[in-house]
Structures are given as C-alpha cells and as structure tokens.
Amino acid sequence: MAAQTHLQGVEISAAQFFEIWHHYDSDGNGYLDGKELQNFIQELQQARKKAGLALTPEMKAFVDQYGKSADGKIGIVELAQVLPTEENFLLFFRCQQLKSSEDFMQTWRKYDTDHSGFIETEELKSFLKDLLQKANKQIDDSKLTEYTEIMLRMFDSNNDGKLELTEMASLLPVQENFLLQFKGVKMCGKEFNKAFELYDQDGNGYIDENELDALLKDLCEKNKKELDINNLGTYKKNIMALSDGGKLYRTELALILCAEQN
C-alpha cells in the first residue's frame with residue numbers, strides 16, 4: 001500500500017504526505033481519531049521496523065502520548081510535526097501567525113479579499129507567500145504554485161477549486177480549532193436567517209458583541225454535548241475576529257453557523 005510504503009521513507013515529499021493524510025483520514029472529517037489514529041500508529045511502527053529505521057524522538061513521543069489513548073485526536077498540523085517531511089513545504093504549518101483560532105480568523109479576513117466566504121487560488125497563493133516570508137523563506141513562483149496546488153488537494157474536500165473557512169481551519173492544531181465544535185450545531189439557510197433576524201435585535205443588519213453573546217448562550221444551552229458554556233468567551237472572541245469593526249454581518253456569521261447549501 002502506497003501510504004504504508006511512504007512511512008518507510010527517511011524524508012517524505014509533500015505529495016506523499018498528502019497521500020498518507022487522506023489514507024488514514026478515512027472518513028474525511030479533517031482529523032484522525034479512534035481506529036484511524038490507532039491504525040496509523042500501528043502501521044507507522046511496522047513501516048519503520050521494516051525499513052530498519054528507529055522511531056525518531058518526535059515519533060516516539062507521539063506513540064507514547066496517543067498509542068494507548070482511545071479518545072485521542074490529531075489534525076494535519078500534529079501529523080506534520082511527527083513525520084520527516086520536506087521542511088520547505090511544512091514551514092507554514094508551524095508559522096506562529098496561526099497559533100490560535102483568533103489569529104486564524106483575522107488572517108482569513110485579510111486574505112478573503114472579496115468577502116466571498118472562500119479563499120480562491122490567487123488569494124491562497126498570497127497567503128502562502130506571506131507565511132513563508134514570515135518564516136524567512138524565499139521561494140520561486142513555480143514552487144509557490146506547486147505548494148498552492150498541494151494545499152488545494154489537501155484541504156479542498158468538495159473539490160470546487162477554492163477553500164472554505166472550515167477547510168482552511170485544518171491548518172490549526174485540533175485543540176485550537178473551535179470550528180470543529182460548531183460542526184454539529186450548524187443550521188440550514190432558512191433556520192440561520194431566522195436566528196440572525198431574531199438576535200439582530202435593533203434590525204441594523206449586523207450583530208454586535210452583546211447580541212452575539214445572547215445567541216451563543218442560547219446555542220450552548222441547546223447543544224450542551226457539542227458546546228461548553230465555559231468556553232463562551234473564547235467562542236465570542238474568535239467569531240468577533242471576523243467582524244468589521246465590531247459589526248458581524250450575516251455573511252461572516254454564516255461561515256460559522258450556516259450549513260453548506262447543496
């Protein structure tokens with residue numbers, strides 16, 4: 001199997017990393033957990049042994065942390081830090097600009113220049129170029145194009161040639177990715193519009209911080225399994241990072257709370 005063979009390599013290419021991720025993320029939900037994670041750990045150990053290679057210190061620490069944990073969960077960032085992947089390609093995964101959900105939301109606003117709710121190819125290319133420059137890494141246009149194409153292949157789950165907020169959020173470590181918690185509480189378009197109008201109490205076309213606070217409190221009460229009311233302040237801060245000077249318009253809030261329309 002190609003993915004298992006790649007695990008035997010001393011250095012894994014960006015394309016091979018992409019294959020490994022999609023092989024083990026068998027349900028396509030953007031992270032490895034449960035049986036997926038245990039299969040990866042087992043096959044990583046087998047592949048390294050077959051290749052006559054010891055586990056690296058990063059791999060050993062990873063196996064010690066997750067090998068016996070039934071409730072472990074990792075995202076693509078955590079996997080990138082374990083596997084011996086081409087350093088150039090993964091520099092932007094480790095960039096401090098994306099160390100928290102709030103940073104991520106602010107970055108999203110900067111690069112979704114047309115406020116379409118998507119980052120398209122040219123916007124994505126600018127995003128990657130800036131991240132690599134912040135890491136003091138200069139690359140030529142052909143390599144930047146290659147990285148952009150790989151990013152699309154890696155994160156564009158519906159193959160529409162552009163990245164949605166939730167797809168792009170896979171760049172965040174799992175514990176920082178609060179959007180995963182909102183997956184189970186998204187509303188259909190009609191329900192979302194009704195909720196927006198209900199909480200936009202003064203009818204001015206946007207939701208302010210106090211109105212968002214009321215909306216999130218009600219969501220937490222109705223969805224205790226998915227959302228923790230003790231994290232209300234974090235949810236609010238992260239979502240308000242999408243706002244325009246404290247004004248959270250319908251299109252921005254829809255990125256968090258409105259399910260994809262087919």
# chains A, B, ... in the order shown; residues from 1 in each chain; ligands from 1

call {"tool": "residues_around", "arguments": {"residues": "Leu171 in chain A", "least_positions_apart": "2", "cutoff": "7 Å", "atoms": "only C-alpha atoms", "output": "mmCIF file with N, CA and C atoms, in the first residue's frame"}}
result
data_model
loop_
_atom_site.group_PDB
_atom_site.id
_atom_site.type_symbol
_atom_site.label_atom_id
_atom_site.label_comp_id
_atom_site.auth_asym_id
_atom_site.auth_seq_id
_atom_site.Cartn_x
_atom_site.Cartn_y
_atom_site.Cartn_z
ATOM 1 N N ILE A 76 -3.979 17.722 10.909
ATOM 2 C CA ILE A 76 -2.898 17.649 9.938
ATOM 3 C C ILE A 76 -1.630 18.324 10.450
ATOM 4 N N VAL A 77 -1.788 19.330 11.311
ATOM 5 C CA VAL A 77 -0.621 20.026 11.873
ATOM 6 C C VAL A 77 0.172 19.088 12.770
ATOM 7 N N PHE A 93 2.970 25.449 8.203
ATOM 8 C CA PHE A 93 2.164 24.799 9.239
ATOM 9 C C PHE A 93 2.612 25.237 10.620
ATOM 10 N N MET A 168 -10.010 25.495 5.457
ATOM 11 C CA MET A 168 -8.756 26.168 5.736
ATOM 12 C C MET A 168 -8.371 26.020 7.212
ATOM 13 N N ALA A 169 -9.362 25.881 8.076
ATOM 14 C CA ALA A 169 -9.093 25.776 9.511
ATOM 15 C C ALA A 169 -8.347 24.501 9.876
ATOM 16 N N PRO A 173 -3.983 23.461 14.941
ATOM 17 C CA PRO A 173 -3.959 22.254 15.766
ATOM 18 C C PRO A 173 -5.373 21.949 16.257
#

call {"tool": "select_by_dssp", "arguments": {"residues": "range 25-240 of chain A", "states": "strand (DSSP E or B)", "output": "VMD selection string"}}
result
chain A and resid 32 to 33 73 to 74 85 118 to 119 163 to 164 187 206 to 207

call {"tool": "write_last_selection", "arguments": {"atoms": "all heavy atoms", "output": "short mmCIF file (atom, residue, chain, number, x, y, z; two decimals), in the first residue's frame"}}
result
data_model
loop_
_atom_site.label_atom_id
_atom_site.label_comp_id
_atom_site.auth_asym_id
_atom_site.auth_seq_id
_atom_site.Cartn_x
_atom_site.Cartn_y
_atom_site.Cartn_z
N LEU A 32 -7.65 12.68 12.61
CA LEU A 32 -7.55 11.25 12.88
C LEU A 32 -7.94 11.00 14.33
O LEU A 32 -7.42 11.65 15.24
CB LEU A 32 -6.11 10.75 12.66
CG LEU A 32 -5.42 11.04 11.33
CD1 LEU A 32 -4.07 10.34 11.27
CD2 LEU A 32 -6.27 10.64 10.14
N ASP A 33 -8.84 10.08 14.53
CA ASP A 33 -9.20 9.70 15.89
C ASP A 33 -9.61 8.24 15.91
O ASP A 33 -9.72 7.59 14.87
CB ASP A 33 -10.32 10.59 16.44
CG ASP A 33 -11.62 10.46 15.67
OD1 ASP A 33 -11.63 9.86 14.58
OD2 ASP A 33 -12.65 10.97 16.15
N LYS A 73 -7.06 12.54 19.46
CA LYS A 73 -7.49 13.16 18.20
C LYS A 73 -6.38 14.08 17.71
O LYS A 73 -5.86 14.88 18.47
CB LYS A 73 -8.77 13.96 18.42
CG LYS A 73 -9.32 14.63 17.16
CD LYS A 73 -10.50 15.55 17.50
CE LYS A 73 -11.73 14.78 17.93
NZ LYS A 73 -12.90 15.69 18.10
N ILE A 74 -5.98 13.94 16.43
CA ILE A 74 -4.95 14.82 15.89
C ILE A 74 -5.40 15.38 14.54
O ILE A 74 -6.18 14.75 13.81
CB ILE A 74 -3.59 14.11 15.71
CG1 ILE A 74 -3.67 13.04 14.61
CG2 ILE A 74 -3.09 13.53 17.02
CD1 ILE A 74 -2.34 12.58 14.10
N THR A 85 9.01 15.19 7.03
CA THR A 85 8.56 15.74 5.76
C THR A 85 9.49 16.86 5.27
O THR A 85 10.18 17.47 6.07
CB THR A 85 7.13 16.32 5.95
OG1 THR A 85 6.35 15.35 6.65
CG2 THR A 85 6.47 16.59 4.62
N PHE A 118 -14.80 32.41 0.62
CA PHE A 118 -13.83 31.42 0.14
C PHE A 118 -12.48 32.10 -0.06
O PHE A 118 -12.41 33.30 -0.30
CB PHE A 118 -14.25 30.84 -1.22
CG PHE A 118 -15.63 30.26 -1.25
CD1 PHE A 118 -16.71 31.02 -1.65
CD2 PHE A 118 -15.84 28.94 -0.88
CE1 PHE A 118 -17.99 30.48 -1.69
CE2 PHE A 118 -17.11 28.40 -0.91
CZ PHE A 118 -18.19 29.16 -1.31
N ILE A 119 -11.42 31.31 0.02
CA ILE A 119 -10.13 31.77 -0.45
C ILE A 119 -9.85 31.03 -1.75
O ILE A 119 -9.79 29.80 -1.77
CB ILE A 119 -9.02 31.51 0.59
CG1 ILE A 119 -9.18 32.49 1.76
CG2 ILE A 119 -7.64 31.67 -0.02
CD1 ILE A 119 -8.10 32.40 2.81
N LEU A 163 -11.04 27.23 -1.12
CA LEU A 163 -11.10 26.75 0.25
C LEU A 163 -12.11 27.55 1.07
O LEU A 163 -12.09 28.77 1.06
CB LEU A 163 -9.72 26.86 0.92
CG LEU A 163 -8.61 26.01 0.32
CD1 LEU A 163 -7.32 26.19 1.11
CD2 LEU A 163 -9.00 24.54 0.27
N GLU A 164 -12.98 26.83 1.77
CA GLU A 164 -13.91 27.45 2.69
C GLU A 164 -13.23 27.63 4.04
O GLU A 164 -12.18 27.04 4.30
CB GLU A 164 -15.15 26.57 2.85
CG GLU A 164 -15.91 26.33 1.55
CD GLU A 164 -17.00 25.28 1.70
OE1 GLU A 164 -17.42 25.04 2.86
OE2 GLU A 164 -17.39 24.70 0.68
N MET A 187 -26.90 25.31 11.13
CA MET A 187 -28.31 25.36 10.77
C MET A 187 -28.46 25.40 9.25
O MET A 187 -27.54 25.79 8.53
CB MET A 187 -28.95 26.64 11.34
CG MET A 187 -28.63 26.92 12.78
SD MET A 187 -29.17 28.61 13.25
CE MET A 187 -28.16 28.87 14.71
N TYR A 206 -26.55 43.87 11.23
CA TYR A 206 -25.38 43.16 11.75
C TYR A 206 -25.60 42.85 13.22
O TYR A 206 -26.50 43.37 13.87
CB TYR A 206 -24.10 44.00 11.57
CG TYR A 206 -24.11 45.34 12.29
CD1 TYR A 206 -23.78 45.44 13.65
CD2 TYR A 206 -24.43 46.51 11.60
CE1 TYR A 206 -23.80 46.66 14.29
CE2 TYR A 206 -24.45 47.74 12.25
CZ TYR A 206 -24.13 47.81 13.60
OH TYR A 206 -24.14 49.02 14.25
N ILE A 207 -24.77 41.93 13.73
CA ILE A 207 -24.85 41.54 15.13
C ILE A 207 -23.63 42.10 15.85
O ILE A 207 -22.50 41.96 15.37
CB ILE A 207 -24.92 39.99 15.25
CG1 ILE A 207 -26.33 39.52 14.90
CG2 ILE A 207 -24.52 39.51 16.64
CD1 ILE A 207 -26.52 38.02 14.97
#

call {"tool": "residues_around", "arguments": {"residues": "Phe127 in chain A", "least_positions_apart": "5", "cutoff": "10 Å", "atoms": "only C-alpha atoms", "output": "mmCIF file with C-alpha atoms, in the first residue's frame"}}
result
data_model
loop_
_atom_site.group_PDB
_atom_site.id
_atom_site.type_symbol
_atom_site.label_atom_id
_atom_site.label_comp_id
_atom_site.auth_asym_id
_atom_site.auth_seq_id
_atom_site.Cartn_x
_atom_site.Cartn_y
_atom_site.Cartn_z
ATOM 1 C CA PHE A 92 3.821 27.447 7.054
ATOM 2 C CA THR A 107 -5.816 36.016 8.737
ATOM 3 C CA TRP A 108 -8.913 34.734 6.954
ATOM 4 C CA LYS A 110 -7.173 39.579 5.358
ATOM 5 C CA TYR A 111 -6.944 37.058 2.529
ATOM 6 C CA ASP A 112 -10.621 36.615 1.690
ATOM 7 C CA ILE A 119 -10.129 31.768 -0.454
ATOM 8 C CA THR A 121 -6.316 30.167 -5.881
ATOM 9 C CA GLU A 122 -4.687 33.606 -6.172
ATOM 10 C CA LEU A 132 6.754 31.652 4.075
ATOM 11 C CA THR A 148 -0.761 26.170 -3.670
#

call {"tool": "residues_around", "arguments": {"residues": "Leu172 in chain A", "least_positions_apart": "3", "cutoff": "8 Å", "atoms": "only C-alpha atoms", "output": "list in words"}}
result
Gly75, Val77, Leu98, Lys99, Ser100, Ser101, Phe104, Ala169, Glu176 and Asn177 of chain A

call {"tool": "closest_residue", "arguments": {"among": "A:Met240, A:Glu123, A:Asn223, A:Leu7", "to": "Gln46 in chain A", "atoms": "only C-alpha atoms"}}
result
A:Leu7

call {"tool": "select_by_dssp", "arguments": {"residues": "range 122-155 of chain A", "states": "alpha helix (DSSP H)", "output": "list in words"}}
result
Glu122, Glu123, Leu124, Lys125, Ser126, Phe127, Leu128, Lys129, Asp130, Leu131, Leu132, Gln133, Lys134, Asp141, Ser142, Lys143, Leu144, Thr145, Glu146, Tyr147, Thr148, Glu149, Ile150, Met151, Leu152, Arg153, Met154 and Phe155 of chain A

call {"tool": "write_last_selection", "arguments": {"atoms": "C-alpha atoms", "output": "short mmCIF file (atom, residue, chain, number, x, y, z; two decimals), in the first residue's frame"}}
result
data_model
loop_
_atom_site.label_atom_id
_atom_site.label_comp_id
_atom_site.auth_asym_id
_atom_site.auth_seq_id
_atom_site.Cartn_x
_atom_site.Cartn_y
_atom_site.Cartn_z
CA GLU A 122 -4.69 33.61 -6.17
CA GLU A 123 -5.72 34.57 -2.63
CA LEU A 124 -4.32 31.28 -1.35
CA LYS A 125 -1.05 31.87 -3.20
CA SER A 126 -0.70 35.28 -1.50
CA PHE A 127 -1.49 33.69 1.86
CA LEU A 128 1.24 31.05 1.47
CA LYS A 129 3.78 33.55 0.16
CA ASP A 130 3.27 35.78 3.19
CA LEU A 131 3.52 32.89 5.63
CA LEU A 132 6.75 31.65 4.07
CA GLN A 133 8.20 35.17 4.09
CA LYS A 134 7.36 35.49 7.78
CA ASP A 141 6.92 31.25 -8.34
CA SER A 142 6.94 27.69 -9.66
CA LYS A 143 7.43 26.26 -6.15
CA LEU A 144 4.77 28.59 -4.77
CA THR A 145 2.36 27.36 -7.44
CA GLU A 146 3.19 23.76 -6.51
CA TYR A 147 2.52 24.43 -2.82
CA THR A 148 -0.76 26.17 -3.67
CA GLU A 149 -1.93 23.19 -5.74
CA ILE A 150 -0.99 20.77 -2.96
CA MET A 151 -2.84 22.88 -0.41
CA LEU A 152 -5.96 22.74 -2.57
CA ARG A 153 -5.63 18.97 -2.99
CA MET A 154 -5.11 18.56 0.74
CA PHE A 155 -7.90 20.76 2.09
#

call {"tool": "residues_around", "arguments": {"residues": "range 13-27 of chain A", "least_positions_apart": "3", "cutoff": "7 Å", "atoms": "only C-alpha atoms", "output": "PDB file with C-alpha atoms, in the first residue's frame"}}
result
ATOM      1  CA  ALA A   3       0.724   5.188   2.237  1.00  0.00           C
ATOM      2  CA  HIS A   6       5.766   6.260   2.269  1.00  0.00           C
ATOM      3  CA  GLY A  30     -10.315  16.573   8.906  1.00  0.00           C
ATOM      4  CA  TYR A  31      -8.679  14.721  11.789  1.00  0.00           C
ATOM      5  CA  LEU A  32      -7.546  11.253  12.880  1.00  0.00           C
ATOM      6  CA  GLU A  36      -7.936   5.788  12.296  1.00  0.00           C
ATOM      7  CA  PHE A  40      -1.754   4.977  11.778  1.00  0.00           C
ATOM      8  CA  THR A  85       8.556  15.743   5.761  1.00  0.00           C
ATOM      9  CA  GLU A  86      10.245  18.187   3.392  1.00  0.00           C
ATOM     10  CA  PHE A  89       6.651  22.544   2.411  1.00  0.00           C
ATOM     11  CA  MET A 154      -5.109  18.557   0.738  1.00  0.00           C
TER      12      MET A 154
END
